[in-house]
Amino acid sequence: MTKHLTLILICLFNLTLFAFNMSPDGFQKRIDLGVSQEYVFKNNTGKPVRYKFDILPGTKNKTMHEWIQFEPKYLYIENGESKKLKISVKSPEKTPVGEYNFFLNIKTIPIPNKIQVSKEGTITGSPRVGFSINVEMIGWIGDLPAQLKLENFKIIEEKNTLKLKGKIVNSTEQRSVRYKIEVIGKNQTREIFYGSALSALDSENITINLSKFNSRDDLWKIEVKEILSENLLQTITL
């Protein structure tokens, strides 16, 4: 769990630092039936950007990098434009059930600024700084529906702020689950909490600040969902 959370924080730092915009930011799909995912890259940097993509082995014993196909290998995106990367995977038959991963390496190729020629005939042009990050992608083999719930929760008031405290339990065998919690008010106001990629048969305590609500009477229900698929895992009426 700690490893997944650290990776997500590192990715978020890099994405913010370099005005990097990729959506969605993960995979989380069953791969033995054959599946594809498109990723949209939007350029808001104010300048053209060129990306180069590579597939790297995962850190787990079960890596799926050798089964990945993707296109294109390069993307050139003008400022304000969006383009897509497509990743496809299908595991070989009789591959053991369980969770697999790989890393998508995203690297910018520096594009020199406009070249200027001085009166003396000297050519100058400043290169742009590039970066390289690895985004972990997780998939699984077998019928492993997410079984994740919010348990032992309570809503309390601390320092004039409502808070939801509880435990998230992932009862799914052999795969992690990325989740989010939506606290929905009677007027449809929503407080959204994005959780970690919680490992199989693991749990974690959470605290959510409900700053959008004045009192418990404003609350209607809680929904626990799987990120990316938006699969509804649990509904709690308050």
# chains A, B, ... in the order shown; residues from 1 in each chain; ligands from 1
>>> residues_around(residues="stretch 80-91 of chain A", least_positions_apart="4", cutoff="8 Å", atoms="only C-alpha atoms", output="count of residues only")
25
>>> residues_around(residues="A:Lys47", least_positions_apart="2", cutoff="7 Å", atoms="only C-alpha atoms", output="PyMOL selection string")
chain A and resi 45+49+78-79
>>> write_last_selection(atoms="C-alpha atoms", output="PDB file, in the first residue's frame")
ATOM      1  CA  THR A  45       2.552  24.235 -21.344  1.00  0.00           C
ATOM      2  CA  VAL A  49       5.708  19.184 -26.587  1.00  0.00           C
ATOM      3  CA  GLU A  78       1.009  21.760 -30.156  1.00  0.00           C
ATOM      4  CA  ASN A  79       0.033  24.010 -27.258  1.00  0.00           C
TER       5      ASN A  79
END
>>> atom_distance(atom1="atom CA of A:Asp25", atom2="atom CA of A:Thr207")
23.7 Å
>>> residues_around(residues="A:Lys154", least_positions_apart="5", cutoff="8 Å", atoms="only C-alpha atoms", output="list in words")
Leu164, Lys165 and Gly166 of chain A
>>> write_last_selection(atoms="N, CA and C atoms", output="compact mmCIF listing (two decimals), in the first residue's frame")
# COMPACT_ATOMS: atom_id res chain seq x y z
N LEU A 164 -15.30 12.53 8.60
CA LEU A 164 -15.68 11.13 8.49
C LEU A 164 -14.45 10.30 8.79
N LYS A 165 -14.56 9.44 9.79
CA LYS A 165 -13.45 8.55 10.13
C LYS A 165 -13.93 7.10 10.02
N GLY A 166 -13.06 6.25 9.51
CA GLY A 166 -13.43 4.85 9.38
C GLY A 166 -12.29 4.02 8.85
>>> closest_residue(among="A:Asn170, A:Asn101, A:Ser132, A:Asn214", to="A:Lys186", atoms="only C-alpha atoms")
A:Asn214
>>> residues_around(residues="stretch 220-228 of chain A", least_positions_apart="3", cutoff="10 Å", atoms="only C-alpha atoms", output="number ranges by chain")
A: 23-29, 146-150, 168, 177-197, 216-217, 231-238
>>> select_by_dssp(residues="chain A", states="strand (DSSP E or B)", output="short mmCIF file (atom, residue, chain, number, x, y, z; two decimals) with N, CA, C and O atoms, in the first residue's frame")
data_model
loop_
_atom_site.label_atom_id
_atom_site.label_comp_id
_atom_site.auth_asym_id
_atom_site.auth_seq_id
_atom_site.Cartn_x
_atom_site.Cartn_y
_atom_site.Cartn_z
N PHE A 20 1.99 18.66 -16.87
CA PHE A 20 1.77 17.41 -17.60
C PHE A 20 0.35 16.95 -17.36
O PHE A 20 -0.11 16.89 -16.23
N ASN A 21 -0.37 16.63 -18.43
CA ASN A 21 -1.79 16.29 -18.30
C ASN A 21 -2.07 15.00 -19.04
O ASN A 21 -2.07 14.97 -20.27
N MET A 22 -2.32 13.93 -18.29
CA MET A 22 -2.60 12.61 -18.85
C MET A 22 -3.87 12.07 -18.20
O MET A 22 -4.00 12.08 -16.98
N SER A 23 -4.80 11.60 -19.00
CA SER A 23 -6.06 11.09 -18.45
C SER A 23 -6.53 9.87 -19.26
O SER A 23 -6.55 9.92 -20.48
N LYS A 29 -7.38 -3.08 -15.17
CA LYS A 29 -8.30 -3.84 -16.02
C LYS A 29 -7.94 -5.32 -16.01
O LYS A 29 -6.79 -5.71 -15.78
N ARG A 30 -8.95 -6.14 -16.30
CA ARG A 30 -8.73 -7.58 -16.47
C ARG A 30 -8.09 -7.80 -17.84
O ARG A 30 -8.58 -7.30 -18.85
N VAL A 35 -7.84 -6.45 -23.71
CA VAL A 35 -8.42 -5.16 -23.36
C VAL A 35 -7.51 -4.04 -23.87
O VAL A 35 -6.30 -4.23 -24.04
N SER A 36 -8.12 -2.88 -24.14
CA SER A 36 -7.38 -1.70 -24.57
C SER A 36 -7.78 -0.50 -23.72
O SER A 36 -8.87 -0.47 -23.16
N GLN A 37 -6.90 0.46 -23.65
CA GLN A 37 -7.17 1.71 -22.95
C GLN A 37 -6.52 2.85 -23.71
O GLN A 37 -5.35 2.76 -24.09
N GLU A 38 -7.27 3.92 -23.92
CA GLU A 38 -6.72 5.11 -24.55
C GLU A 38 -6.42 6.17 -23.49
O GLU A 38 -7.19 6.34 -22.54
N TYR A 39 -5.30 6.86 -23.67
CA TYR A 39 -4.88 7.91 -22.76
C TYR A 39 -4.79 9.22 -23.53
O TYR A 39 -4.17 9.28 -24.60
N VAL A 40 -5.40 10.24 -22.99
CA VAL A 40 -5.41 11.55 -23.63
C VAL A 40 -4.32 12.41 -23.00
O VAL A 40 -4.27 12.58 -21.78
N PHE A 41 -3.46 12.96 -23.84
CA PHE A 41 -2.41 13.88 -23.40
C PHE A 41 -2.77 15.27 -23.90
O PHE A 41 -2.91 15.48 -25.10
N LYS A 42 -2.92 16.18 -22.97
CA LYS A 42 -3.26 17.56 -23.32
C LYS A 42 -2.08 18.46 -23.00
O LYS A 42 -1.48 18.36 -21.93
N ASN A 43 -1.76 19.32 -23.92
CA ASN A 43 -0.62 20.20 -23.76
C ASN A 43 -1.08 21.59 -23.34
O ASN A 43 -1.67 22.33 -24.12
N VAL A 49 5.09 20.24 -27.39
CA VAL A 49 5.71 19.18 -26.59
C VAL A 49 5.82 17.92 -27.44
O VAL A 49 4.91 17.59 -28.20
N ARG A 50 6.94 17.22 -27.29
CA ARG A 50 7.11 15.94 -27.97
C ARG A 50 7.34 14.87 -26.90
O ARG A 50 8.25 14.99 -26.07
N TYR A 51 6.52 13.81 -26.91
CA TYR A 51 6.64 12.71 -25.95
C TYR A 51 7.17 11.46 -26.64
O TYR A 51 6.85 11.18 -27.79
N LYS A 52 7.95 10.69 -25.89
CA LYS A 52 8.38 9.36 -26.31
C LYS A 52 7.93 8.36 -25.26
O LYS A 52 8.09 8.61 -24.05
N PHE A 53 7.35 7.23 -25.68
CA PHE A 53 6.81 6.24 -24.76
C PHE A 53 7.58 4.93 -24.85
O PHE A 53 7.98 4.50 -25.92
N ASP A 54 7.74 4.29 -23.69
CA ASP A 54 8.35 2.96 -23.62
C ASP A 54 7.63 2.14 -22.56
O ASP A 54 7.05 2.70 -21.62
N ILE A 55 7.66 0.83 -22.71
CA ILE A 55 7.09 -0.10 -21.74
C ILE A 55 8.22 -0.75 -20.98
O ILE A 55 9.13 -1.33 -21.57
N LEU A 56 8.15 -0.67 -19.64
CA LEU A 56 9.20 -1.22 -18.79
C LEU A 56 8.63 -2.33 -17.90
O LEU A 56 7.43 -2.33 -17.58
N PRO A 57 9.48 -3.27 -17.47
CA PRO A 57 9.01 -4.34 -16.58
C PRO A 57 8.48 -3.79 -15.27
O PRO A 57 8.93 -2.75 -14.78
N THR A 63 4.97 -9.66 -13.92
CA THR A 63 5.00 -8.48 -14.77
C THR A 63 4.36 -8.81 -16.11
O THR A 63 4.47 -9.93 -16.60
N ILE A 68 2.38 -6.24 -23.83
CA ILE A 68 1.83 -4.93 -24.14
C ILE A 68 2.10 -4.53 -25.59
O ILE A 68 3.21 -4.72 -26.11
N GLN A 69 1.09 -3.99 -26.23
CA GLN A 69 1.25 -3.33 -27.52
C GLN A 69 0.75 -1.89 -27.36
O GLN A 69 -0.25 -1.66 -26.67
N PHE A 70 1.44 -0.95 -28.00
CA PHE A 70 1.01 0.44 -27.87
C PHE A 70 1.34 1.21 -29.14
O PHE A 70 2.26 0.87 -29.87
N GLU A 71 0.57 2.24 -29.35
CA GLU A 71 0.81 3.14 -30.47
C GLU A 71 0.20 4.52 -30.16
O GLU A 71 -0.82 4.60 -29.47
N TYR A 74 5.69 7.90 -30.47
CA TYR A 74 5.97 9.31 -30.25
C TYR A 74 4.69 10.12 -30.43
O TYR A 74 3.82 9.75 -31.24
N LEU A 75 4.57 11.22 -29.69
CA LEU A 75 3.48 12.17 -29.88
C LEU A 75 4.06 13.57 -29.93
O LEU A 75 4.85 13.95 -29.06
N TYR A 76 3.65 14.33 -30.93
CA TYR A 76 4.00 15.75 -31.00
C TYR A 76 2.71 16.53 -30.84
O TYR A 76 1.76 16.34 -31.60
N ILE A 77 2.65 17.38 -29.82
CA ILE A 77 1.41 18.07 -29.48
C ILE A 77 1.66 19.57 -29.41
O ILE A 77 2.48 20.04 -28.63
N SER A 82 -4.77 18.21 -27.95
CA SER A 82 -4.77 16.91 -27.25
C SER A 82 -4.55 15.80 -28.26
O SER A 82 -5.08 15.87 -29.38
N LYS A 83 -3.82 14.77 -27.85
CA LYS A 83 -3.65 13.58 -28.68
C LYS A 83 -3.70 12.34 -27.80
O LYS A 83 -3.59 12.43 -26.57
N LYS A 84 -3.84 11.16 -28.45
CA LYS A 84 -4.08 9.93 -27.70
C LYS A 84 -2.98 8.89 -27.88
O LYS A 84 -2.38 8.77 -28.95
N LEU A 85 -2.74 8.17 -26.80
CA LEU A 85 -1.90 6.98 -26.78
C LEU A 85 -2.81 5.79 -26.51
O LEU A 85 -3.64 5.85 -25.59
N LYS A 86 -2.66 4.70 -27.27
CA LYS A 86 -3.49 3.51 -27.06
C LYS A 86 -2.62 2.34 -26.60
O LYS A 86 -1.60 2.04 -27.23
N ILE A 87 -3.03 1.72 -25.50
CA ILE A 87 -2.33 0.55 -24.96
C ILE A 87 -3.27 -0.65 -25.00
O ILE A 87 -4.42 -0.55 -24.56
N SER A 88 -2.78 -1.76 -25.53
CA SER A 88 -3.57 -3.00 -25.60
C SER A 88 -2.78 -4.14 -24.98
O SER A 88 -1.54 -4.17 -25.05
N VAL A 89 -3.50 -5.08 -24.38
CA VAL A 89 -2.83 -6.23 -23.75
C VAL A 89 -3.77 -7.42 -23.73
O VAL A 89 -4.97 -7.28 -23.53
N GLY A 98 -4.13 -13.73 -10.94
CA GLY A 98 -3.50 -12.81 -10.01
C GLY A 98 -3.26 -11.45 -10.61
O GLY A 98 -3.69 -11.14 -11.72
N GLU A 99 -2.54 -10.62 -9.87
CA GLU A 99 -2.27 -9.24 -10.28
C GLU A 99 -0.93 -9.14 -10.99
O GLU A 99 0.06 -9.78 -10.60
N TYR A 100 -0.90 -8.32 -12.04
CA TYR A 100 0.30 -8.11 -12.84
C TYR A 100 0.48 -6.60 -13.04
O TYR A 100 -0.48 -5.84 -12.93
N ASN A 101 1.70 -6.21 -13.37
CA ASN A 101 1.92 -4.78 -13.59
C ASN A 101 3.02 -4.53 -14.61
O ASN A 101 3.76 -5.43 -15.02
N PHE A 102 3.10 -3.27 -15.03
CA PHE A 102 4.20 -2.80 -15.86
C PHE A 102 4.32 -1.30 -15.63
O PHE A 102 3.47 -0.70 -14.97
N PHE A 103 5.37 -0.70 -16.17
CA PHE A 103 5.53 0.75 -16.08
C PHE A 103 5.49 1.36 -17.48
O PHE A 103 6.14 0.86 -18.40
N LEU A 104 4.71 2.42 -17.59
CA LEU A 104 4.71 3.23 -18.80
C LEU A 104 5.70 4.37 -18.58
O LEU A 104 5.49 5.21 -17.71
N ASN A 105 6.78 4.35 -19.35
CA ASN A 105 7.76 5.43 -19.26
C ASN A 105 7.37 6.54 -20.23
O ASN A 105 7.15 6.29 -21.42
N ILE A 106 7.24 7.74 -19.70
CA ILE A 106 6.87 8.91 -20.50
C ILE A 106 8.01 9.89 -20.43
O ILE A 106 8.39 10.35 -19.35
N LYS A 107 8.56 10.19 -21.59
CA LYS A 107 9.74 11.06 -21.64
C LYS A 107 9.48 12.20 -22.63
O LYS A 107 8.95 11.97 -23.72
N THR A 108 9.82 13.41 -22.23
CA THR A 108 9.73 14.52 -23.17
C THR A 108 11.06 14.65 -23.90
O THR A 108 12.13 14.52 -23.29
N GLN A 116 17.95 31.83 -33.60
CA GLN A 116 18.16 33.21 -34.03
C GLN A 116 19.58 33.36 -34.55
O GLN A 116 20.53 32.80 -33.99
N VAL A 117 19.74 34.13 -35.60
CA VAL A 117 21.05 34.38 -36.19
C VAL A 117 21.41 35.85 -35.96
O VAL A 117 20.67 36.75 -36.36
N ILE A 123 24.70 31.49 -34.51
CA ILE A 123 23.38 30.87 -34.36
C ILE A 123 23.17 30.50 -32.90
O ILE A 123 24.01 29.83 -32.29
N THR A 124 22.07 30.97 -32.32
CA THR A 124 21.78 30.68 -30.91
C THR A 124 20.38 30.11 -30.77
O THR A 124 19.48 30.42 -31.55
N SER A 132 11.44 12.67 -17.45
CA SER A 132 11.08 11.28 -17.66
C SER A 132 10.45 10.74 -16.39
O SER A 132 11.02 10.88 -15.30
N ILE A 133 9.26 10.16 -16.50
CA ILE A 133 8.60 9.56 -15.35
C ILE A 133 8.08 8.17 -15.72
O ILE A 133 7.83 7.87 -16.89
N ASN A 134 7.94 7.33 -14.71
CA ASN A 134 7.37 6.00 -14.88
C ASN A 134 6.03 5.93 -14.15
O ASN A 134 5.97 6.21 -12.95
N VAL A 135 4.99 5.58 -14.87
CA VAL A 135 3.65 5.45 -14.28
C VAL A 135 3.32 3.97 -14.17
O VAL A 135 3.31 3.25 -15.18
N GLU A 136 3.04 3.50 -12.96
CA GLU A 136 2.72 2.09 -12.77
C GLU A 136 1.32 1.79 -13.28
O GLU A 136 0.36 2.50 -12.98
N MET A 137 1.20 0.73 -14.05
CA MET A 137 -0.07 0.26 -14.58
C MET A 137 -0.33 -1.15 -14.05
O MET A 137 0.56 -2.02 -14.12
N ILE A 138 -1.53 -1.35 -13.52
CA ILE A 138 -1.86 -2.63 -12.88
C ILE A 138 -3.04 -3.28 -13.59
O ILE A 138 -4.03 -2.62 -13.91
N GLY A 139 -2.93 -4.58 -13.84
CA GLY A 139 -4.03 -5.37 -14.38
C GLY A 139 -4.10 -6.70 -13.65
O GLY A 139 -3.29 -6.97 -12.76
N TRP A 140 -5.07 -7.51 -14.02
CA TRP A 140 -5.17 -8.80 -13.34
C TRP A 140 -5.75 -9.86 -14.28
O TRP A 140 -6.38 -9.55 -15.30
N ILE A 141 -5.51 -11.10 -13.91
CA ILE A 141 -6.02 -12.26 -14.65
C ILE A 141 -7.00 -13.01 -13.75
O ILE A 141 -6.72 -13.24 -12.57
N LEU A 148 -14.54 -4.21 -1.74
CA LEU A 148 -13.96 -3.21 -0.86
C LEU A 148 -15.08 -2.42 -0.19
O LEU A 148 -16.03 -2.01 -0.85
N LYS A 149 -14.96 -2.23 1.14
CA LYS A 149 -16.03 -1.55 1.88
C LYS A 149 -15.47 -0.61 2.93
O LYS A 149 -14.34 -0.77 3.41
N LEU A 150 -16.30 0.37 3.27
CA LEU A 150 -16.04 1.25 4.40
C LEU A 150 -16.68 0.63 5.63
O LEU A 150 -17.88 0.34 5.65
N GLU A 151 -15.90 0.43 6.69
CA GLU A 151 -16.39 -0.20 7.91
C GLU A 151 -16.07 0.66 9.14
O GLU A 151 -15.16 1.49 9.11
N ASN A 152 -16.86 0.45 10.19
CA ASN A 152 -16.63 1.08 11.49
C ASN A 152 -16.45 2.59 11.37
O ASN A 152 -15.55 3.19 11.98
N PHE A 153 -17.30 3.21 10.57
CA PHE A 153 -17.15 4.64 10.36
C PHE A 153 -18.00 5.43 11.36
O PHE A 153 -18.98 4.96 11.91
N LYS A 154 -17.59 6.66 11.53
CA LYS A 154 -18.36 7.59 12.36
C LYS A 154 -18.13 9.01 11.83
O LYS A 154 -17.09 9.31 11.24
N ILE A 155 -19.12 9.85 12.04
CA ILE A 155 -19.03 11.24 11.63
C ILE A 155 -18.98 12.09 12.89
O ILE A 155 -19.88 12.03 13.74
N ILE A 156 -17.92 12.85 13.03
CA ILE A 156 -17.70 13.62 14.24
C ILE A 156 -17.41 15.07 13.87
O ILE A 156 -17.18 15.40 12.70
N GLU A 157 -17.43 15.94 14.87
CA GLU A 157 -17.09 17.34 14.66
C GLU A 157 -15.84 17.66 15.47
O GLU A 157 -15.81 17.45 16.68
N GLU A 158 -14.79 18.12 14.78
CA GLU A 158 -13.55 18.49 15.43
C GLU A 158 -13.16 19.89 14.96
O GLU A 158 -13.06 20.15 13.76
N THR A 161 -15.26 21.52 12.37
CA THR A 161 -15.28 20.88 11.05
C THR A 161 -15.80 19.46 11.16
O THR A 161 -15.35 18.70 12.02
N LEU A 162 -16.76 19.09 10.29
CA LEU A 162 -17.23 17.71 10.24
C LEU A 162 -16.16 16.81 9.65
O LEU A 162 -15.47 17.20 8.69
N LYS A 163 -16.01 15.63 10.20
CA LYS A 163 -15.05 14.66 9.68
C LYS A 163 -15.66 13.27 9.64
O LYS A 163 -16.45 12.90 10.51
N LEU A 164 -15.30 12.53 8.60
CA LEU A 164 -15.68 11.13 8.49
C LEU A 164 -14.45 10.30 8.79
O LEU A 164 -13.40 10.45 8.14
N LYS A 165 -14.56 9.44 9.79
CA LYS A 165 -13.45 8.55 10.13
C LYS A 165 -13.93 7.10 10.02
O LYS A 165 -15.06 6.78 10.36
N GLY A 166 -13.06 6.25 9.51
CA GLY A 166 -13.43 4.85 9.38
C GLY A 166 -12.29 4.02 8.85
O GLY A 166 -11.15 4.48 8.74
N LYS A 167 -12.61 2.79 8.51
CA LYS A 167 -11.61 1.86 7.98
C LYS A 167 -12.07 1.34 6.63
O LYS A 167 -13.21 0.91 6.47
N ILE A 168 -11.16 1.39 5.64
CA ILE A 168 -11.42 0.79 4.33
C ILE A 168 -10.80 -0.59 4.31
O ILE A 168 -9.60 -0.76 4.59
N VAL A 169 -11.60 -1.59 3.98
CA VAL A 169 -11.15 -2.98 3.97
C VAL A 169 -11.28 -3.54 2.56
O VAL A 169 -12.37 -3.56 1.98
N ASN A 170 -10.16 -4.00 2.02
CA ASN A 170 -10.17 -4.65 0.70
C ASN A 170 -10.15 -6.16 0.89
O ASN A 170 -9.12 -6.75 1.22
N VAL A 177 -7.06 -2.63 -5.21
CA VAL A 177 -8.21 -1.84 -5.67
C VAL A 177 -7.94 -0.37 -5.40
O VAL A 177 -7.65 0.01 -4.26
N ARG A 178 -8.02 0.46 -6.44
CA ARG A 178 -7.97 1.91 -6.27
C ARG A 178 -9.40 2.39 -6.04
O ARG A 178 -10.30 2.05 -6.80
N TYR A 179 -9.59 3.20 -5.03
CA TYR A 179 -10.95 3.57 -4.65
C TYR A 179 -11.08 5.06 -4.39
O TYR A 179 -10.10 5.78 -4.22
N LYS A 180 -12.33 5.50 -4.38
CA LYS A 180 -12.65 6.85 -3.93
C LYS A 180 -13.94 6.80 -3.13
O LYS A 180 -14.75 5.88 -3.28
N ILE A 181 -14.12 7.79 -2.27
CA ILE A 181 -15.31 7.88 -1.44
C ILE A 181 -15.99 9.21 -1.73
O ILE A 181 -15.34 10.26 -1.68
N GLU A 182 -17.27 9.16 -2.02
CA GLU A 182 -18.05 10.38 -2.26
C GLU A 182 -19.07 10.53 -1.15
O GLU A 182 -19.91 9.64 -0.94
N VAL A 183 -18.98 11.63 -0.42
CA VAL A 183 -19.98 11.96 0.60
C VAL A 183 -20.93 12.97 -0.03
O VAL A 183 -20.51 14.05 -0.44
N ILE A 184 -22.19 12.59 -0.14
CA ILE A 184 -23.16 13.37 -0.91
C ILE A 184 -24.18 13.99 0.04
O ILE A 184 -24.73 13.33 0.92
N GLY A 185 -24.42 15.28 -0.15
CA GLY A 185 -25.37 15.99 0.68
C GLY A 185 -26.78 15.96 0.11
O GLY A 185 -27.01 15.55 -1.03
N ARG A 190 -21.06 17.49 -3.05
CA ARG A 190 -20.22 16.29 -2.93
C ARG A 190 -18.84 16.62 -2.38
O ARG A 190 -18.20 17.56 -2.83
N GLU A 191 -18.40 15.81 -1.42
CA GLU A 191 -17.03 15.85 -0.93
C GLU A 191 -16.39 14.54 -1.40
O GLU A 191 -16.88 13.46 -1.08
N ILE A 192 -15.31 14.64 -2.18
CA ILE A 192 -14.72 13.45 -2.78
C ILE A 192 -13.33 13.21 -2.20
O ILE A 192 -12.49 14.12 -2.16
N PHE A 193 -13.10 11.98 -1.76
CA PHE A 193 -11.82 11.57 -1.21
C PHE A 193 -11.23 10.48 -2.11
O PHE A 193 -11.87 9.47 -2.36
N TYR A 194 -10.01 10.72 -2.60
CA TYR A 194 -9.34 9.74 -3.45
C TYR A 194 -8.36 8.93 -2.62
O TYR A 194 -7.41 9.47 -2.06
N GLY A 195 -8.61 7.63 -2.54
CA GLY A 195 -7.78 6.76 -1.73
C GLY A 195 -6.60 6.20 -2.50
O GLY A 195 -6.39 6.51 -3.68
N SER A 196 -5.84 5.34 -1.85
CA SER A 196 -4.67 4.72 -2.45
C SER A 196 -5.08 3.49 -3.24
O SER A 196 -6.26 3.15 -3.32
N ALA A 197 -4.09 2.84 -3.83
CA ALA A 197 -4.32 1.51 -4.41
C ALA A 197 -4.11 0.52 -3.27
O ALA A 197 -2.97 0.19 -2.91
N LEU A 198 -5.20 0.07 -2.69
CA LEU A 198 -5.13 -0.77 -1.49
C LEU A 198 -4.88 -2.22 -1.89
O LEU A 198 -5.62 -2.80 -2.68
N SER A 203 -6.08 -3.31 4.64
CA SER A 203 -7.00 -2.29 5.13
C SER A 203 -6.23 -1.04 5.52
O SER A 203 -5.01 -1.09 5.71
N GLU A 204 -6.95 0.08 5.64
CA GLU A 204 -6.32 1.31 6.09
C GLU A 204 -7.36 2.20 6.74
O GLU A 204 -8.54 2.18 6.37
N ASN A 205 -6.92 2.98 7.71
CA ASN A 205 -7.80 3.95 8.36
C ASN A 205 -7.79 5.25 7.57
O ASN A 205 -6.76 5.67 7.04
N ILE A 206 -8.95 5.89 7.49
CA ILE A 206 -9.06 7.13 6.73
C ILE A 206 -9.75 8.20 7.56
O ILE A 206 -10.54 7.91 8.46
N THR A 207 -9.43 9.45 7.25
CA THR A 207 -10.12 10.61 7.82
C THR A 207 -10.40 11.58 6.68
O THR A 207 -9.49 11.95 5.94
N ILE A 208 -11.67 11.96 6.52
CA ILE A 208 -12.07 12.86 5.44
C ILE A 208 -12.67 14.11 6.06
O ILE A 208 -13.62 14.04 6.84
N ASN A 209 -12.12 15.27 5.72
CA ASN A 209 -12.69 16.54 6.16
C ASN A 209 -13.91 16.88 5.30
O ASN A 209 -13.81 16.93 4.07
N LEU A 219 -26.10 15.81 5.42
CA LEU A 219 -25.60 14.65 4.70
C LEU A 219 -26.72 13.71 4.28
O LEU A 219 -27.72 13.54 4.98
N TRP A 220 -26.53 13.09 3.11
CA TRP A 220 -27.53 12.15 2.58
C TRP A 220 -27.00 10.72 2.51
O TRP A 220 -27.54 9.81 3.10
N LYS A 221 -25.88 10.54 1.81
CA LYS A 221 -25.35 9.18 1.67
C LYS A 221 -23.86 9.19 1.36
O LYS A 221 -23.27 10.22 1.02
N ILE A 222 -23.26 8.01 1.48
CA ILE A 222 -21.86 7.78 1.17
C ILE A 222 -21.77 6.73 0.08
O ILE A 222 -22.44 5.69 0.16
N GLU A 223 -20.97 6.99 -0.94
CA GLU A 223 -20.75 6.00 -1.99
C GLU A 223 -19.26 5.68 -2.09
O GLU A 223 -18.42 6.58 -2.12
N VAL A 224 -18.96 4.39 -2.13
CA VAL A 224 -17.58 3.93 -2.31
C VAL A 224 -17.49 3.36 -3.73
O VAL A 224 -18.27 2.48 -4.10
N LYS A 225 -16.53 3.87 -4.50
CA LYS A 225 -16.42 3.47 -5.90
C LYS A 225 -14.99 3.06 -6.23
O LYS A 225 -14.03 3.49 -5.60
N GLU A 226 -14.89 2.22 -7.27
CA GLU A 226 -13.58 1.86 -7.81
C GLU A 226 -13.19 2.94 -8.82
O GLU A 226 -13.96 3.27 -9.72
N ASN A 231 -17.01 1.77 -10.85
CA ASN A 231 -17.84 0.68 -10.33
C ASN A 231 -18.27 1.00 -8.89
O ASN A 231 -17.44 1.23 -8.02
N LEU A 232 -19.59 1.02 -8.65
CA LEU A 232 -20.13 1.32 -7.33
C LEU A 232 -20.00 0.09 -6.44
O LEU A 232 -20.57 -0.96 -6.72
N LEU A 233 -19.25 0.22 -5.36
CA LEU A 233 -18.96 -0.91 -4.48
C LEU A 233 -19.84 -0.91 -3.23
O LEU A 233 -20.13 -1.98 -2.67
N GLN A 234 -20.25 0.27 -2.78
CA GLN A 234 -21.01 0.34 -1.53
C GLN A 234 -21.77 1.65 -1.46
O GLN A 234 -21.26 2.70 -1.86
N THR A 235 -23.00 1.58 -0.96
CA THR A 235 -23.82 2.78 -0.70
C THR A 235 -24.30 2.72 0.73
O THR A 235 -24.86 1.71 1.19
N ILE A 236 -24.08 3.81 1.47
CA ILE A 236 -24.50 3.91 2.86
C ILE A 236 -25.42 5.13 2.98
O ILE A 236 -24.99 6.26 2.73
N THR A 237 -26.67 4.90 3.35
CA THR A 237 -27.59 6.02 3.57
C THR A 237 -27.47 6.51 5.00
O THR A 237 -27.49 5.73 5.96
#
